[in-house]
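The file work_26.csv comes next; it holds CSV, C-alpha atoms.
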```csv
chain,number,residue,atom,x,y,z
A,737,MET,CA,7.4,-27.8,-34.7
A,738,ALA,CA,8.1,-24.1,-33.9
A,739,VAL,CA,5.6,-23.0,-36.5
A,740,ALA,CA,3.0,-25.3,-35.1
A,741,ALA,CA,3.6,-24.1,-31.6
A,742,ALA,CA,3.3,-20.5,-32.7
A,743,ALA,CA,0.1,-21.3,-34.5
A,744,GLY,CA,-1.2,-22.9,-31.4
A,745,ASP,CA,-0.8,-19.6,-29.5
A,746,LEU,CA,-2.9,-17.8,-32.1
A,747,ALA,CA,-6.7,-17.7,-32.0
A,748,VAL,CA,-9.2,-16.1,-34.3
A,749,LEU,CA,-11.4,-13.8,-32.3
A,750,ASP,CA,-15.2,-13.6,-32.7
A,751,ALA,CA,-17.0,-10.9,-34.7
A,752,GLU,CA,-18.0,-8.9,-31.6
A,753,THR,CA,-14.4,-8.7,-30.3
A,754,LEU,CA,-13.2,-7.7,-33.7
A,755,ALA,CA,-15.7,-4.9,-33.8
A,756,LEU,CA,-14.6,-3.7,-30.5
A,757,LEU,CA,-10.9,-3.8,-31.6
A,758,GLY,CA,-11.8,-1.8,-34.7
A,759,GLY,CA,-11.1,-4.6,-37.2
A,760,GLY,CA,-13.1,-6.7,-39.6
A,761,PRO,CA,-13.5,-10.4,-40.4
A,762,ASP,CA,-10.4,-10.4,-42.5
A,763,MET,CA,-8.3,-9.2,-39.5
A,764,ALA,CA,-5.1,-11.3,-38.9
A,765,PRO,CA,-5.2,-13.8,-36.0
A,766,VAL,CA,-4.4,-12.2,-32.7
A,767,ALA,CA,-2.1,-13.8,-30.1
A,768,VAL,CA,-4.0,-14.8,-27.0
A,769,CYS,CA,-1.9,-15.1,-23.8
A,770,GLY,CA,-3.3,-17.3,-21.1
A,771,GLU,CA,-0.9,-16.0,-18.6
A,772,TRP,CA,-2.4,-12.5,-18.8
A,773,GLU,CA,-5.8,-13.8,-17.7
A,774,THR,CA,-4.1,-15.6,-14.8
A,775,PHE,CA,-1.7,-13.0,-13.5
A,776,LYS,CA,-3.2,-9.7,-14.7
A,777,GLU,CA,-4.1,-8.6,-11.2
A,778,ASN,CA,-0.4,-8.6,-10.3
A,779,VAL,CA,0.7,-6.3,-13.2
A,780,ARG,CA,1.5,-2.8,-12.1
A,781,PRO,CA,0.3,-0.1,-14.6
A,782,LEU,CA,2.9,2.1,-16.3
A,783,LYS,CA,2.1,5.6,-17.5
A,784,ARG,CA,3.8,5.0,-20.8
A,785,GLY,CA,2.1,1.6,-21.4
A,786,ARG,CA,3.8,-1.8,-21.7
A,787,ASN,CA,5.5,-3.8,-24.4
A,788,VAL,CA,3.2,-6.8,-25.1
A,789,GLY,CA,6.1,-9.1,-26.1
A,790,LEU,CA,8.0,-8.5,-22.9
A,791,LEU,CA,4.9,-8.7,-20.9
A,792,ASN,CA,4.0,-12.1,-22.2
A,793,GLN,CA,7.5,-13.4,-21.5
A,794,ALA,CA,7.5,-11.9,-18.0
A,795,LEU,CA,4.1,-13.5,-17.2
A,796,LYS,CA,5.3,-16.9,-18.4
A,797,ALA,CA,8.2,-16.7,-15.9
A,798,HIS,CA,5.7,-17.3,-13.1
A,799,THR,CA,5.3,-20.9,-14.2
A,800,ASP,CA,8.4,-21.6,-16.3
A,801,PRO,CA,11.7,-21.8,-14.3
A,802,ALA,CA,13.7,-21.6,-17.5
A,803,GLN,CA,12.1,-18.4,-18.4
A,804,ARG,CA,12.7,-17.0,-14.9
A,805,ALA,CA,16.4,-17.9,-15.1
A,806,ALA,CA,16.6,-16.2,-18.5
A,807,LEU,CA,15.2,-13.0,-17.1
A,808,LEU,CA,17.7,-13.0,-14.2
A,809,ALA,CA,20.5,-13.6,-16.6
A,810,GLU,CA,19.3,-10.8,-18.8
A,811,ARG,CA,19.1,-8.5,-15.8
A,812,ARG,CA,22.7,-9.4,-14.9
A,813,ARG,CA,23.8,-8.7,-18.4
A,814,MET,CA,22.2,-5.2,-18.4
A,815,ILE,CA,23.9,-4.4,-15.1
A,816,GLU,CA,27.2,-5.4,-16.6
A,817,ALA,CA,26.5,-3.1,-19.5
A,818,ILE,CA,26.3,-0.2,-17.1
A,819,GLU,CA,29.8,-1.0,-15.8
A,820,GLU,CA,31.3,-1.5,-19.2
A,821,TYR,CA,29.8,1.7,-20.7
A,822,GLN,CA,32.4,4.1,-22.0
A,823,GLY,CA,30.3,6.8,-23.7
A,824,GLU,CA,29.5,10.4,-22.9
A,825,ASP,CA,26.2,9.8,-21.2
A,826,PRO,CA,26.6,7.3,-18.4
A,827,LEU,CA,23.1,7.9,-17.2
A,828,GLN,CA,21.5,6.4,-20.3
A,829,PRO,CA,22.4,2.7,-19.5
A,830,TRP,CA,20.8,3.1,-16.1
A,831,VAL,CA,17.6,4.5,-17.7
A,832,ASP,CA,17.5,1.6,-20.1
A,833,CYS,CA,18.0,-0.9,-17.4
A,834,ILE,CA,15.3,0.6,-15.2
A,835,LYS,CA,12.8,0.6,-18.2
A,836,TRP,CA,13.7,-3.1,-19.0
A,837,VAL,CA,13.2,-4.2,-15.3
A,838,GLN,CA,9.8,-2.4,-15.2
A,839,GLU,CA,8.7,-4.2,-18.3
A,840,SER,CA,10.2,-7.6,-17.5
A,841,PHE,CA,9.0,-7.7,-13.8
A,842,PRO,CA,5.5,-6.4,-14.1
A,843,ALA,CA,4.6,-7.3,-10.5
A,844,GLY,CA,7.4,-5.2,-9.1
A,845,GLY,CA,8.2,-6.1,-5.6
A,846,GLU,CA,11.6,-6.9,-3.9
A,847,PHE,CA,12.3,-9.8,-6.3
A,848,SER,CA,12.7,-7.4,-9.2
A,849,GLY,CA,15.4,-5.4,-7.4
A,850,LEU,CA,13.9,-2.1,-8.8
A,851,VAL,CA,14.2,-0.2,-5.5
A,852,VAL,CA,17.9,-1.1,-5.3
A,853,ILE,CA,18.5,-0.1,-8.9
A,854,TYR,CA,16.8,3.3,-8.3
A,855,GLU,CA,19.0,3.9,-5.2
A,856,GLN,CA,22.2,2.9,-7.0
A,857,CYS,CA,21.4,5.2,-9.9
A,858,VAL,CA,20.5,8.3,-8.0
A,859,ARG,CA,23.5,7.8,-5.7
A,860,ALA,CA,25.9,7.5,-8.6
A,861,PHE,CA,25.1,10.9,-10.0
A,862,TRP,CA,23.8,13.1,-7.2
A,863,HIS,CA,27.1,15.1,-7.2
A,864,ASP,CA,27.4,15.3,-11.0
A,865,GLU,CA,26.6,18.8,-12.3
A,866,ARG,CA,25.6,17.5,-15.7
A,867,TYR,CA,22.5,15.8,-14.3
A,868,LYS,CA,21.3,18.3,-11.7
A,869,ASP,CA,18.7,19.6,-14.1
A,870,ASP,CA,18.3,16.5,-16.3
A,871,LEU,CA,14.6,15.5,-16.5
A,872,ARG,CA,15.6,11.8,-16.8
A,873,TYR,CA,17.5,11.9,-13.6
A,874,LEU,CA,14.7,13.7,-11.8
A,875,LYS,CA,12.2,11.1,-12.9
A,876,VAL,CA,14.4,8.4,-11.4
A,877,TRP,CA,14.4,10.3,-8.1
A,878,LEU,CA,10.6,10.7,-8.3
A,879,GLU,CA,10.0,7.0,-9.0
A,880,TYR,CA,12.3,6.1,-6.1
A,881,ALA,CA,10.4,8.5,-3.8
A,882,GLY,CA,7.1,6.8,-4.8
A,883,ASN,CA,8.4,3.4,-3.5
A,884,CYS,CA,9.5,4.7,-0.1
A,885,SER,CA,7.4,4.9,3.0
A,886,ASP,CA,8.1,8.6,3.6
A,887,ALA,CA,9.2,10.6,0.6
A,888,GLU,CA,9.6,13.9,2.3
A,889,VAL,CA,13.2,13.2,3.2
A,890,ILE,CA,14.0,12.7,-0.5
A,891,PHE,CA,12.3,16.0,-1.5
A,892,ARG,CA,14.3,17.8,1.1
A,893,PHE,CA,17.5,16.3,-0.2
A,894,LEU,CA,16.7,17.4,-3.7
A,895,GLU,CA,15.8,20.8,-2.6
A,896,SER,CA,19.0,21.3,-0.6
A,897,ASN,CA,21.2,20.0,-3.4
A,898,ARG,CA,19.3,21.9,-6.1
A,899,ILE,CA,18.4,18.9,-8.1
A,900,GLY,CA,15.5,19.3,-10.6
A,901,GLU,CA,14.7,22.8,-9.6
A,902,GLY,CA,14.1,23.9,-13.2
A,903,HIS,CA,11.2,21.4,-13.8
A,904,ALA,CA,7.6,21.9,-12.7
A,905,VAL,CA,7.0,18.2,-12.0
A,906,PHE,CA,9.4,18.5,-9.0
A,907,TYR,CA,7.3,21.2,-7.3
A,908,ILE,CA,4.0,19.6,-8.2
A,909,ARG,CA,4.9,16.2,-6.7
A,910,TYR,CA,6.5,17.9,-3.6
A,911,ALA,CA,3.4,20.1,-3.1
A,912,LEU,CA,1.0,17.1,-3.4
A,913,LEU,CA,3.0,15.2,-0.8
A,914,MET,CA,2.8,18.1,1.6
A,915,GLU,CA,-0.9,18.6,0.9
A,916,SER,CA,-1.5,15.0,1.8
A,917,LYS,CA,0.2,15.7,5.2
A,918,ASN,CA,-2.1,18.8,5.6
A,919,LYS,CA,0.9,21.2,5.5
A,920,VAL,CA,-1.0,24.0,3.6
A,921,LYS,CA,1.5,26.7,4.4
A,922,LYS,CA,4.4,24.6,3.0
A,923,VAL,CA,2.4,23.8,-0.1
A,924,ASP,CA,1.9,27.5,-0.8
A,925,GLU,CA,5.6,28.2,-0.4
A,926,ILE,CA,6.6,25.4,-2.8
A,927,PHE,CA,4.2,26.6,-5.5
A,928,ASN,CA,5.4,30.2,-5.2
A,929,LEU,CA,9.0,29.1,-5.3
A,930,GLY,CA,8.5,27.1,-8.5
A,931,ILE,CA,6.6,30.0,-10.2
A,932,ALA,CA,9.3,32.5,-9.1
A,933,ARG,CA,12.0,30.2,-10.6
A,934,LYS,CA,9.8,29.8,-13.8
A,935,ALA,CA,10.0,26.0,-13.7
A,936,LYS,CA,9.1,24.5,-17.0
A,937,PRO,CA,6.3,24.2,-18.0
A,938,VAL,CA,5.2,27.1,-15.9
A,939,GLU,CA,1.6,26.9,-17.3
A,940,LYS,CA,1.1,23.5,-15.8
A,941,LEU,CA,2.6,24.7,-12.5
A,942,GLU,CA,0.2,27.6,-12.3
A,943,THR,CA,-2.8,25.5,-13.3
A,944,THR,CA,-2.0,23.0,-10.5
A,945,TYR,CA,-1.5,25.9,-8.1
A,946,ARG,CA,-4.9,27.4,-8.9
A,947,ALA,CA,-6.5,24.0,-8.4
A,948,PHE,CA,-4.9,23.7,-5.0
A,949,LEU,CA,-6.2,27.2,-4.0
A,950,GLY,CA,-9.7,26.1,-5.0
A,951,ARG,CA,-9.4,22.9,-2.9
A,952,SER,CA,-8.1,24.7,0.1
A,953,THR,CA,-10.9,27.3,-0.1
A,954,ARG,CA,-13.7,24.8,-0.4
A,955,LYS,CA,-12.2,22.8,2.5
A,956,LYS,CA,-12.1,25.9,4.7
A,957,GLU,CA,-15.7,26.8,3.9
A,958,HIS,CA,-16.8,23.3,4.7
A,959,GLU,CA,-15.0,23.4,8.1
A,960,ASP,CA,-16.7,26.8,8.8
A,961,ASP,CA,-20.1,25.4,7.9
A,962,THR,CA,-19.5,22.3,10.1
A,963,ALA,CA,-18.5,24.5,13.0
A,964,SER,CA,-21.6,26.7,12.7
A,965,ASP,CA,-24.1,23.8,12.3
A,966,ASP,CA,-23.2,22.1,15.6
A,967,PRO,CA,-26.4,20.8,17.3
A,968,PRO,CA,-27.4,22.6,20.5
A,969,VAL,CA,-26.4,20.8,23.7
A,970,ARG,CA,-29.1,20.4,26.4
A,971,LYS,CA,-27.9,21.5,29.8
A,972,PHE,CA,-28.4,19.3,32.8
A,973,GLY,CA,-31.6,20.1,34.7
A,974,SER,CA,-33.4,22.1,32.0
A,975,ASP,CA,-37.1,21.9,31.8
A,976,LEU,CA,-38.9,20.1,29.0
A,977,ASN,CA,-41.6,21.7,27.0
A,978,ARG,CA,-45.3,20.8,27.4
A,979,GLY,CA,-45.3,18.2,24.6
A,980,GLU,CA,-42.3,16.4,26.0
A,981,THR,CA,-43.7,16.6,29.5
A,982,ARG,CA,-47.1,15.2,28.4
A,983,GLY,CA,-45.4,12.4,26.6
A,984,GLN,CA,-43.3,11.5,29.5
A,985,HIS,CA,-46.3,11.4,31.8
A,986,ALA,CA,-48.0,9.0,29.4
A,987,GLU,CA,-45.0,6.7,29.3
A,988,ASN,CA,-44.7,6.7,33.1
A,989,SER,CA,-48.4,6.3,33.8
A,990,HIS,CA,-48.1,2.7,34.8
A,991,MET,CA,-45.5,3.6,37.4
A,992,LEU,CA,-47.8,6.1,39.0
A,993,ALA,CA,-50.3,3.4,39.8
A,994,LYS,CA,-47.9,1.7,42.1
A,995,PRO,CA,-48.1,2.6,45.9
A,996,ARG,CA,-45.3,4.8,47.0
A,997,VAL,CA,-43.1,3.7,49.8
A,998,LYS,CA,-42.6,6.3,52.6
A,999,LEU,CA,-39.0,6.9,53.2
A,1000,GLN,CA,-37.7,7.4,56.7
A,1001,ARG,CA,-36.0,10.8,57.4
A,1002,ILE,CA,-32.5,10.4,58.8
A,1003,ASP,CA,-31.3,12.9,61.4
A,1004,VAL,CA,-27.8,14.0,60.5
A,1005,ASN,CA,-26.9,14.9,64.1
A,1006,THR,CA,-27.6,11.5,65.6
A,1007,PRO,CA,-24.8,8.8,65.3
A,1008,ILE,CA,-25.4,5.7,63.3
A,1009,SER,CA,-26.0,2.7,65.4
A,1010,ILE,CA,-24.1,-0.5,64.4
A,1011,TYR,CA,-26.0,-3.7,64.7
A,1012,LYS,CA,-24.3,-6.4,66.8
A,1013,GLU,CA,-25.5,-9.9,67.2
A,1014,ASN,CA,-25.7,-11.5,70.7
A,1015,PRO,CA,-22.5,-13.5,71.2
A,1016,LEU,CA,-22.7,-17.2,71.9
A,1017,PRO,CA,-21.7,-18.5,75.4
A,1018,SER,CA,-18.7,-20.3,74.0
A,1019,GLN,CA,-17.4,-17.2,72.3
A,1020,GLY,CA,-17.7,-15.3,75.5
A,1021,LEU,CA,-15.6,-17.8,77.4
A,1022,GLU,CA,-12.8,-17.7,74.7
A,1023,ARG,CA,-12.8,-13.9,74.8
A,1024,ALA,CA,-12.4,-14.0,78.6
A,1025,ARG,CA,-9.5,-16.5,78.4
A,1026,SER,CA,-7.7,-14.5,75.7
A,1027,LYS,CA,-7.9,-11.5,78.0
A,1028,ASP,CA,-6.2,-13.5,80.7
A,1029,ARG,CA,-3.4,-14.6,78.3
A,1030,ALA,CA,-2.7,-11.1,77.2
A,1031,TRP,CA,0.9,-9.9,77.2
A,1032,ASN,CA,1.8,-8.0,80.2
A,1033,THR,CA,5.4,-7.4,79.1
A,1034,LEU,CA,7.3,-7.4,75.8
A,1035,GLY,CA,10.0,-9.7,77.0
A,1036,THR,CA,13.8,-9.3,76.9
A,1037,GLN,CA,15.7,-8.4,73.8
A,1038,ALA,CA,17.1,-12.0,73.6
A,1039,ASP,CA,13.6,-13.3,73.5
A,1040,ARG,CA,12.6,-10.9,70.7
A,1041,ASN,CA,15.7,-11.7,68.6
A,1042,LYS,CA,15.6,-15.5,69.0
A,1043,GLU,CA,15.6,-15.9,65.2
A,1044,ASN,CA,19.0,-14.3,64.9
A,1045,ASN,CA,21.0,-16.6,67.1
A,1046,MET,CA,23.5,-17.6,64.4
A,1047,MET,CA,26.8,-15.6,64.7
A,1048,PRO,CA,28.2,-14.2,61.5
A,1049,ALA,CA,31.5,-15.8,60.2
A,1050,ARG,CA,34.0,-15.0,57.5
A,1051,TRP,CA,33.2,-16.2,54.0
A,1052,THR,CA,36.7,-17.4,53.5
A,1053,SER,CA,36.2,-20.1,56.1
A,1054,HIS,CA,33.9,-22.0,53.6
A,1055,LYS,CA,35.5,-23.1,50.4
A,1056,ILE,CA,33.5,-24.0,47.3
A,1057,PRO,CA,34.3,-27.5,46.2
A,1058,PRO,CA,35.9,-27.7,42.7
A,1059,LYS,CA,33.7,-28.9,39.9
A,1060,VAL,CA,34.1,-32.4,38.7
A,1061,ALA,CA,35.3,-32.4,35.1
A,1062,ALA,CA,32.4,-33.5,33.0
A,1063,ARG,CA,33.1,-35.9,30.3
A,1064,GLN,CA,32.5,-34.7,26.8
A,1065,ALA,CA,29.2,-35.9,25.7
A,1066,VAL,CA,29.1,-37.7,22.4
A,1067,PRO,CA,26.7,-36.0,20.0
A,1068,PRO,CA,23.8,-38.3,19.2
A,1069,ALA,CA,23.4,-39.4,15.6
A,1070,ARG,CA,21.0,-37.2,13.7
A,1071,VAL,CA,17.6,-38.7,13.1
A,1072,SER,CA,15.7,-37.7,9.9
A,1073,SER,CA,14.9,-34.0,10.4
A,1074,ILE,CA,11.9,-32.1,9.1
A,1075,GLU,CA,12.3,-31.0,5.5
A,1076,VAL,CA,12.6,-27.2,5.3
A,1077,PHE,CA,10.4,-25.6,2.6
A,1078,VAL,CA,12.4,-23.6,0.0
A,1079,ASP,CA,10.7,-21.1,-2.3
A,1080,GLU,CA,10.8,-21.8,-6.0
A,1081,GLU,CA,12.4,-18.4,-6.7
A,1082,CYS,CA,15.3,-19.3,-4.4
A,1083,ALA,CA,15.5,-23.0,-5.4
A,1084,GLU,CA,15.6,-22.4,-9.1
A,1085,GLU,CA,17.7,-19.3,-9.1
A,1086,PRO,CA,21.3,-20.1,-10.3
A,1087,ALA,CA,24.2,-19.2,-8.2
A,1088,PRO,CA,25.8,-15.9,-9.3
A,1089,PRO,CA,29.2,-16.4,-10.9
A,1090,ARG,CA,32.2,-15.0,-9.3
A,1091,VAL,CA,33.1,-11.6,-10.6
A,1092,PRO,CA,36.4,-9.7,-10.2
A,1093,LYS,CA,36.7,-6.7,-8.1
A,1094,SER,CA,35.1,-3.6,-9.6
A,1095,PRO,CA,35.9,0.1,-9.1
A,1096,LYS,CA,32.1,0.6,-8.9
A,1097,PRO,CA,31.0,-1.1,-5.7
A,1098,SER,CA,27.3,-0.3,-6.4
A,1099,VAL,CA,27.3,-2.1,-9.7
A,1100,LEU,CA,29.2,-5.0,-8.1
A,1101,LYS,CA,26.6,-5.3,-5.4
A,1102,LEU,CA,23.9,-5.5,-8.0
A,1103,ARG,CA,25.7,-8.2,-10.0
A,1104,GLN,CA,26.2,-10.4,-7.0
A,1105,ALA,CA,22.7,-9.8,-5.6
A,1106,THR,CA,20.3,-12.7,-5.0
A,1107,SER,CA,16.6,-12.6,-4.3
A,1108,LYS,CA,17.1,-12.9,-0.5
A,1109,ASN,CA,19.5,-10.0,0.0
A,1110,LEU,CA,17.7,-7.9,-2.6
A,1111,LYS,CA,14.5,-8.2,-0.5
A,1112,LYS,CA,16.3,-7.3,2.7
A,1113,GLU,CA,18.0,-4.3,1.0
A,1114,SER,CA,14.8,-3.1,-0.5
A,1115,GLU,CA,13.0,-3.2,2.8
A,1116,LEU,CA,15.8,-1.2,4.4
A,1117,LEU,CA,15.8,1.4,1.6
A,1118,LYS,CA,12.0,1.9,1.9
A,1119,GLU,CA,12.3,2.8,5.5
A,1120,ASN,CA,15.5,4.9,5.1
A,1121,PRO,CA,16.0,5.9,1.4
A,1122,LEU,CA,19.3,7.8,2.1
A,1123,ARG,CA,20.9,5.2,4.3
A,1124,ASN,CA,23.9,4.7,1.9
A,1125,PHE,CA,24.5,8.3,1.2
A,1126,PRO,CA,27.5,10.1,2.7
A,1127,LEU,CA,26.8,12.3,5.7
A,1128,SER,CA,28.3,15.3,3.9
A,1129,SER,CA,25.4,15.2,1.4
A,1130,LEU,CA,22.7,15.3,4.1
A,1131,ARG,CA,22.9,19.0,4.8
```
Give the structure from the file, written as structure tokens.
Amino acid sequence: MAVAAAAGDLAVLDAETLALLGGGPDMAPVAVCGEWETFKENVRPLKRGRNVGLLNQALKAHTDPAQRAALLAERRRMIEAIEEYQGEDPLQPWVDCIKWVQESFPAGGEFSGLVVIYEQCVRAFWHDERYKDDLRYLKVWLEYAGNCSDAEVIFRFLESNRIGEGHAVFYIRYALLMESKNKVKKVDEIFNLGIARKAKPVEKLETTYRAFLGRSTRKKEHEDDTASDDPPVRKFGSDLNRGETRGQHAENSHMLAKPRVKLQRIDVNTPISIYKENPLPSQGLERARSKDRAWNTLGTQADRNKENNMMPARWTSHKIPPKVAARQAVPPARVSSIEVFVDEECAEEPAPPRVPKSPKPSVLKLRQATSKNLKKESELLKENPLRNFPLSSLR
């Protein structure tokens, strides 16, 4: 049965596809993965490429809950291997775990827990002098910075703690970030600092620096040309030339045929007369009566303050009646409630087993993590990548 299932996943490609692949008609059957055609838009590219076997298994996990559970169990096993490592290079298990997660969770995202693993790894060795100039450790930092909303705080942290200062890739990535923020002076300082420290490979650093100088020069020339080629602004009230005047007269010729209305000149010194209608006889009688009923005196103070007749009294004379003890209401029986939707990832994910206390709280946090708290922690780390670091390290 296993052989038949495996044979079902194999398909003989046509001659045109074989020619494109560089093979002939006698080429062995090639495995065709239907999941790749369905989920290929969600696969994040890797610079080093991807393992086809791990990629097929990872894509099948989108539709197979058993495969998804197997991936989560394998991730937990690799995290436990980090804790149980007793060798001379404790960074290597972290690097192996990161590479495996990148391969097995091709879509990335918070469900993979990759951002949390990056943060736990860099926080475990930031004070270790063995890895200050280790290229593997620096690459983990750079990948972590690429997943954060603002990576400038990470590069400042690396610069102040002298992490990765012997590698050109640190200065190149830092300079490109500052160039994207239009901080040209800072970019020039970063490149000069890396060249002065002879960061390896220095040839690549110098080539990137020359390319930056060329871009900045072309940008400055373009800005100067744009400033010099500004269109002239016509001032208000300036005269038009003959052609424009002639065209304007032609457009307004139909308006000239209309008779002009003679405007009346207003004398500024004479006051403006206000028009008044002739009052009706009934209105005149009412106005006369109102004049007879006009107030001749304001009245006494008692008449004016007739709204304030109530005399003030002490508050203690009025007691608040005690509240009647309300009888405890019997909670009504619950009627059938609305069914709450649960995501498949949360529903199918097995509960993490209880683990004993570990001397490494970061590894313990990863072992007990679920998809919900991994997502929350990833979002917090993207906004503040150094939120779990001690204050003494943020100098």
Find the spatial neighbours of range 864-880 of chain A, counting only C-alpha atoms, within a cut-off of 8 Å - ignore same-chain residues fewer than 2 positions away - and output them as a ChimeraX atom specification.
/A:827,831,851,854-855,857-858,861-862,882-884,890,898-903,906
Need the shell around range 920-933 of chain A: protein/DNA/RNA residues with any atom at most 7 Å away, counting only C-alpha atoms. Skip same-chain ones fewer than 6 positions apart. Format as a ChimeraX atom specification?
/A:904,907,911,914,945
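Interatomic distance, CA of Lys917 in chain A to CA of Glu888 in chain A: 10.0 Å.
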Taking all atoms listed in the file into account, which of A:Ala802, A:Met814, A:Leu912, A:Leu795 comes nearest Gln828 in chain A?
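Once distances to Gln828 in chain A are computed over all atoms listed in the file, the minimum belongs to A:Met814.
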What does the distance from CA of Glu959 in chain A to CA of Leu941 in chain A come to in Å, to one decimal?
27.1 Å
Give me, please, the distance in Å between CA of Arg780 in chain A and CA of Gly844 in chain A, quoted to one decimal.
7.0 Å
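Shortest atom-to-atom contact with Ala935 in chain A among A:Val905, A:Ala843, A:Ile1010, A:Ala860: A:Val905, counting only C-alpha atoms.
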